[in-house]
Amino acid sequence: MKNFAFVIEDDPDLSDIFSKALQAAGFEVESIMDGEVAQKRLQEVVPKVIVLDIHLPHVDGITLLKQIHAMDSLKDTKIIMATADNVQAEFYRDQVTIAMVKPISFSQLRDISARLI
Amino acid sequence: MTLSNKFSILVNRFLDVPSIDPDDSRRRKILNVILAFVGIAALFLLVISPILSIIRGISFSVDAGIYITAISLLTGTVVLIFINRTLPGWVASTLFLILLMVVFYFSDTPEQLVDGRSLFVFTIPIIMASMLLRSTASFLIAALVSVELYIISAYAQLPPLNFVPVTVFFMIAAVSWLSSRSLEQTLKELREINKNLDGLVEQKTNDLALSLSRELVLAGRNRTILESIADGVVVFDIYGKAIQINAALSTLLGIPYNDLAETTINDLTRSKSLNPKSQGILMGLLASPEKHLSSHRIEWDKKTLSISSAQVFDDLNAAVGTVAVFRDFTREADVEKMKSTFVAMISHELRTPLNGILGYAEMFKEAVYGPVNEKQANMSERIMKNAQRLIGLLNDLLDQAQIEAGKLAVKSEAVHPKELLENLHGTMDKIASDKNLALISTLDPSLPETIKGDNSRLQQILINLVNNAIKFTDNGSIKTNISRPNLKEWSIEVTDTGSGIPENEIQHIFETFRQVDGTITRQHGGFGLGLSIVKQLVELMSGEIKVKSVVGSGSTFTVILPLEISK
């Protein structure tokens, strides 16, 4: 498996920043801005790391998270949750590899994801 | 009504005389009594004399004198009783005395009357005169009696009148005058005393009536005030029974007035309109008002009520009950809910663009797209710093909104005081050194390595206090000390060498959106939410915060928290 990562984030600028951070950490990144698209792509590709936003069009991040946990193929995939709500971050802390509260620093994300390779 | 009662009423009616002068009335009553006895005696004579005549076997005509005397006495008595009731008192009395003197004349032979066995009977009218007329009248009667005896002796051609009995008559007159006079005097004094007493009683009664009516007016006024208050008011006695309620409470709680008037603390707190949490709050407020100084909110059916309670004290400062005021807070609570939802939403929504600013500035600084010069790096750093500040403000606003909405709960997890200080330095060292301030921290070794608390909130308290200290200090140092003042508590102390807080401002520094002298808000940055949040967090942790400050030389903020050792 290549060092493949998904950045699932609907804001184009944040998607760009997160992608650049992961690229800087050495990942090959595919950025996805729609929950439904993410669902489809997760059936086809097994990424090593997923940066997952919660508010997404069509299918939200929480639903995606449940589906990811239900998929045997993704059991080794690391999930970085990116949320603007610290209460939510607290709540899902145990279900993800790392829960980060926005604003997420470029260098922080780069350094953290680098450790996941 | 018993027979004796009827008899006593009859006697009273007989004795009663139409007189308002107490002395006159008394004399006329005495006369009535005497007349009654004389009448009875005359009747007795009339009955007993014929019987005696029959027994002795003599003719009735022998005792004719007795019959005449008895009949005339009886007639005289009836006439006098009538006169005593109609004419002035002295008329009947005088006539009675004259009647006595006349009757006595016929009662014995002239010899016996003037100088024998019947001489003493003449003392009777003398004594009676002072009782029935006036005290001095006895002298007049004594003189009249003397004249009568003189005439009798002269008419019967007896030896000249013996002056010894005449002297005795006058002496008796003197004695009865004295006794009668002293009696009258005493009665007069008694009447005077009674009159004063009556006056006193009347005055006291008037005073009492006045104060009662005043109290009534006051109570009525209080009642009116109570009823016109829009808030629900209830007063409980020390046994927890409602002793006063107003109509607003009945409307507010949706309980009929009459049911509510008989309610108790127990009834009210067990109402089905309350959820368990509200029941607990209400019980606490009503059962121990001394522990709840601020108002609290409960949910009553679909309403939000704000309730404050206080103990009621009497004049001697003894607690005699509890008063509670219920205010409809539904609208305000809805507005607050909307506000906090709005703030939460906005602060979330703002995070995304802020994250963009921060991320791109950082990428620029990190030279993701090629090298940047020093000035460019510096600029991107400033962009980042300002973005961070904005995020800090957003966090404060969000915290404040959550605290206000009662949504913020503190956790109980393992806390390492050493880590709190390490993280503090990690965050604040650069900010302090940028202002050339020394950030020094000490940790009391007696404090356990691990204690219980809310890591992120304790860190927030520490950072906020130090951040505040740095803001207001231009040179010198910021000292942070975590220690254990006693077995049950631990404390965070932040001391600065800054501008200090004027005494009159200390009470305001923890208020929301407040800084010492509103004008310096801009100079020091921030909304002034930091300290307010610290205080509210500390209170959520059942702790307290104190400030000591000297203008010009600095301030010390001390947070004292209950110590729970993590196992």
# chains A, B, ... in the order shown; residues from 1 in each chain; ligands from 1
$ interface_residues --of "chain B" --to "chain A" --cutoff "9 Å" --atoms "only C-alpha atoms" --output "VMD selection string"
chain B and resid 344 347 to 349 351 to 356 358 to 360 362 to 363 366 368 388 391
$ write_last_selection --atoms "C-alpha atoms" --output "compact mmCIF listing (two decimals), in the first residue's frame"
# COMPACT_ATOMS: atom_id res chain seq x y z
CA ALA B 344 -22.01 28.74 19.10
CA SER B 347 -18.01 30.81 16.44
CA HIS B 348 -18.06 27.51 14.54
CA GLU B 349 -18.70 29.20 11.25
CA ARG B 351 -13.44 28.93 12.56
CA THR B 352 -13.36 27.73 8.97
CA PRO B 353 -12.27 31.04 7.35
CA LEU B 354 -9.94 31.69 10.27
CA ASN B 355 -8.40 28.30 9.72
CA GLY B 356 -7.88 29.35 6.11
CA LEU B 358 -3.98 30.78 9.62
CA GLY B 359 -3.16 27.88 7.32
CA TYR B 360 -2.11 30.01 4.35
CA GLU B 362 1.68 29.40 7.99
CA MET B 363 2.28 27.84 4.61
CA GLU B 366 6.96 27.61 6.10
CA VAL B 368 5.76 25.76 1.01
CA GLN B 388 -4.78 33.42 16.91
CA ILE B 391 -9.59 32.54 17.77
$ residues_around --residues "stretch 51-59 of chain A" --least-positions-apart "6" --cutoff "12 Å" --atoms "only C-alpha atoms" --output "JSON, numbers by chain"
{"A": [4, 5, 6, 7, 8, 9, 10, 11, 12, 14, 15, 17, 18, 19, 21, 22, 27, 29, 30, 31, 32, 33, 34, 35, 36, 37, 38, 39, 40, 65, 66, 67, 68, 77, 78, 79, 80, 81, 82, 83, 84, 85, 88, 89, 92, 96, 97, 98, 99, 100, 101, 102, 104, 109, 110, 112, 113], "B": [348, 349, 352]}
$ residues_around --residues "B:Glu544" --least-positions-apart "5" --cutoff "9 Å" --atoms "only C-alpha atoms" --output "PDB file with C-alpha atoms, in the first residue's frame"
ATOM      1  CA  LYS B 535     -14.250  33.160  37.943  1.00  0.00           C
ATOM      2  CA  VAL B 538     -13.577  28.330  39.365  1.00  0.00           C
ATOM      3  CA  GLU B 539     -17.102  28.472  40.753  1.00  0.00           C
ATOM      4  CA  THR B 558      -5.410  33.410  44.108  1.00  0.00           C
ATOM      5  CA  VAL B 559      -7.621  30.520  43.038  1.00  0.00           C
ATOM      6  CA  ILE B 560      -8.471  28.093  45.820  1.00  0.00           C
ATOM      7  CA  LEU B 561      -9.923  24.726  44.828  1.00  0.00           C
TER       8      LEU B 561
END
$ residues_around --residues "stretch 69-75 of chain A" --least-positions-apart "4" --cutoff "9 Å" --atoms "only C-alpha atoms" --output "list of chain:residue names"
A:Leu42, A:Gln43, A:Val46, A:Pro47, A:Lys48, A:Leu64, A:Leu65, A:Gln95
$ residues_around --residues "B:Phe472" --least-positions-apart "3" --cutoff "7 Å" --atoms "only C-alpha atoms" --output "MDAnalysis selection string"
chainID B and resid 468:469 498:499
$ write_last_selection --atoms "C-alpha atoms" --output "short mmCIF file (atom, residue, chain, number, x, y, z; two decimals), in the first residue's frame"
data_model
loop_
_atom_site.label_atom_id
_atom_site.label_comp_id
_atom_site.auth_asym_id
_atom_site.auth_seq_id
_atom_site.Cartn_x
_atom_site.Cartn_y
_atom_site.Cartn_z
CA ASN B 468 -4.10 38.85 32.03
CA ALA B 469 -1.03 39.50 34.19
CA GLY B 498 1.93 45.46 36.93
CA SER B 499 -0.21 48.57 37.25
#
$ residues_around --residues "B:Ala64" --least-positions-apart "5" --cutoff "12 Å" --atoms "only C-alpha atoms" --output "ChimeraX atom specification"
/B:45-46,49-50,53,58-59,69-71,106-107
$ select_by_dssp --residues "stretch 322-526 of chain B" --states "helix (DSSP H, G or I)" --output "ChimeraX atom specification"
/B:330-365,374-404,417-434,455-471,503-506,518-524
$ residues_around --residues "B:Leu226" --least-positions-apart "2" --cutoff "12 Å" --atoms "only C-alpha atoms" --output "list in words"
Ala219, Gly220, Arg221, Asn222, Arg223, Thr224, Ser228, Ile229, Ala230, Asp231, Gly232, Val233, Val234, Val235, Gln244, Ile245, Asn246, Ala247, Ala248, Leu249 and Val325 of chain B
$ select_by_dssp --residues "stretch 3-111 of chain A" --states "strand (DSSP E)" --output "MDAnalysis selection string"
chainID A and resid 4:8 28:32 49:53 78:83 98:101
$ atom_distance --atom1 "atom CA of B:Arg134" --atom2 "atom CA of B:Gly39"
23.7 Å
$ decode --residues "chain A" --atoms "C-alpha atoms" --output "compact mmCIF listing (two decimals), in the first residue's frame"
# COMPACT_ATOMS: atom_id res chain seq x y z
CA MET A 1 0.00 0.00 0.00
CA LYS A 2 1.31 3.38 -1.04
CA ASN A 3 1.21 6.27 1.44
CA PHE A 4 -2.20 7.24 0.21
CA ALA A 5 -4.40 9.79 2.03
CA PHE A 6 -7.91 11.21 1.65
CA VAL A 7 -8.71 14.75 2.69
CA ILE A 8 -12.53 14.83 3.05
CA GLU A 9 -13.30 18.53 3.56
CA ASP A 10 -15.83 20.69 1.77
CA ASP A 11 -14.12 24.06 2.21
CA PRO A 12 -11.78 24.44 -0.79
CA ASP A 13 -9.17 26.50 1.07
CA LEU A 14 -8.98 24.18 4.07
CA SER A 15 -8.96 21.21 1.72
CA ASP A 16 -6.01 22.82 -0.05
CA ILE A 17 -4.13 23.55 3.21
CA PHE A 18 -4.74 20.06 4.66
CA SER A 19 -3.71 18.44 1.41
CA LYS A 20 -0.49 20.46 1.26
CA ALA A 21 0.29 19.52 4.86
CA LEU A 22 -0.16 15.83 4.14
CA GLN A 23 1.84 16.10 0.94
CA ALA A 24 4.59 17.79 2.93
CA ALA A 25 4.47 14.80 5.27
CA GLY A 26 4.98 12.50 2.32
CA PHE A 27 1.49 11.37 1.37
CA GLU A 28 -0.12 11.13 -1.99
CA VAL A 29 -3.35 13.01 -1.40
CA GLU A 30 -6.80 12.85 -2.94
CA SER A 31 -9.08 15.63 -1.81
CA ILE A 32 -12.82 14.94 -1.67
CA MET A 33 -15.39 17.67 -1.05
CA ASP A 34 -18.61 15.66 -0.95
CA GLY A 35 -19.75 12.91 1.43
CA GLU A 36 -21.35 10.88 -1.28
CA VAL A 37 -18.22 10.94 -3.41
CA ALA A 38 -16.21 9.94 -0.35
CA GLN A 39 -18.50 6.93 0.20
CA LYS A 40 -17.92 5.80 -3.39
CA ARG A 41 -14.15 6.32 -3.31
CA LEU A 42 -13.77 4.44 -0.02
CA GLN A 43 -15.21 1.34 -1.72
CA GLU A 44 -12.49 1.58 -4.38
CA VAL A 45 -9.38 2.77 -2.56
CA VAL A 46 -7.91 1.98 0.84
CA PRO A 47 -6.10 5.08 2.12
CA LYS A 48 -3.61 4.95 4.97
CA VAL A 49 -4.86 8.21 6.46
CA ILE A 50 -8.19 10.04 6.22
CA VAL A 51 -8.62 13.65 7.29
CA LEU A 52 -12.36 13.78 8.00
CA ASP A 53 -14.47 16.93 8.31
CA ILE A 54 -17.89 16.63 9.96
CA HIS A 55 -20.06 19.05 7.97
CA LEU A 56 -20.18 17.71 4.44
CA PRO A 57 -22.73 17.91 1.67
CA HIS A 58 -25.02 14.87 1.07
CA VAL A 59 -23.47 12.53 3.64
CA ASP A 60 -21.98 13.93 6.82
CA GLY A 61 -18.73 12.98 8.51
CA ILE A 62 -20.35 11.10 11.39
CA THR A 63 -22.16 8.76 8.97
CA LEU A 64 -18.93 8.28 7.05
CA LEU A 65 -17.10 7.49 10.28
CA LYS A 66 -19.62 4.72 11.12
CA GLN A 67 -19.28 3.26 7.64
CA ILE A 68 -15.50 3.35 7.82
CA HIS A 69 -15.61 1.45 11.12
CA ALA A 70 -17.97 -1.07 9.53
CA MET A 71 -15.63 -1.73 6.60
CA ASP A 72 -13.14 -4.45 7.22
CA SER A 73 -10.89 -3.13 4.44
CA LEU A 74 -10.39 0.14 6.33
CA LYS A 75 -9.60 -1.31 9.74
CA ASP A 76 -5.94 -0.19 9.53
CA THR A 77 -6.78 3.26 8.19
CA LYS A 78 -5.90 6.12 10.52
CA ILE A 79 -8.53 8.78 10.89
CA ILE A 80 -7.82 12.42 11.77
CA MET A 81 -11.07 14.09 12.68
CA ALA A 82 -11.23 17.83 11.92
CA THR A 83 -14.07 19.57 13.73
CA ALA A 84 -14.88 23.11 14.77
CA ASP A 85 -16.64 21.89 17.90
CA ASN A 86 -14.46 20.94 20.85
CA VAL A 87 -17.36 19.15 22.55
CA GLN A 88 -17.77 17.02 19.47
CA ALA A 89 -14.03 16.42 19.34
CA GLU A 90 -14.16 15.21 22.91
CA PHE A 91 -17.10 12.93 22.15
CA TYR A 92 -15.46 11.16 19.16
CA ARG A 93 -11.93 11.11 20.57
CA ASP A 94 -12.10 7.36 21.24
CA GLN A 95 -13.44 6.48 17.79
CA VAL A 96 -10.69 8.18 15.78
CA THR A 97 -6.90 8.19 15.76
CA ILE A 98 -6.68 11.89 16.48
CA ALA A 99 -9.42 14.46 16.95
CA MET A 100 -8.31 17.97 16.03
CA VAL A 101 -10.23 21.16 16.71
CA LYS A 102 -10.23 23.82 14.00
CA PRO A 103 -8.33 25.98 13.43
CA ILE A 104 -5.81 23.32 12.59
CA SER A 105 -2.28 24.47 12.09
CA PHE A 106 -0.54 23.53 8.85
CA SER A 107 2.68 22.52 10.56
CA GLN A 108 0.87 20.63 13.30
CA LEU A 109 -1.11 18.54 10.82
CA ARG A 110 2.04 17.98 8.76
CA ASP A 111 4.02 16.79 11.76
CA ILE A 112 1.24 14.59 13.14
CA SER A 113 0.47 12.92 9.83
CA ALA A 114 4.16 12.35 9.21
CA ARG A 115 4.21 10.17 12.29
CA LEU A 116 1.41 8.00 10.88
CA ILE A 117 3.37 6.78 7.89
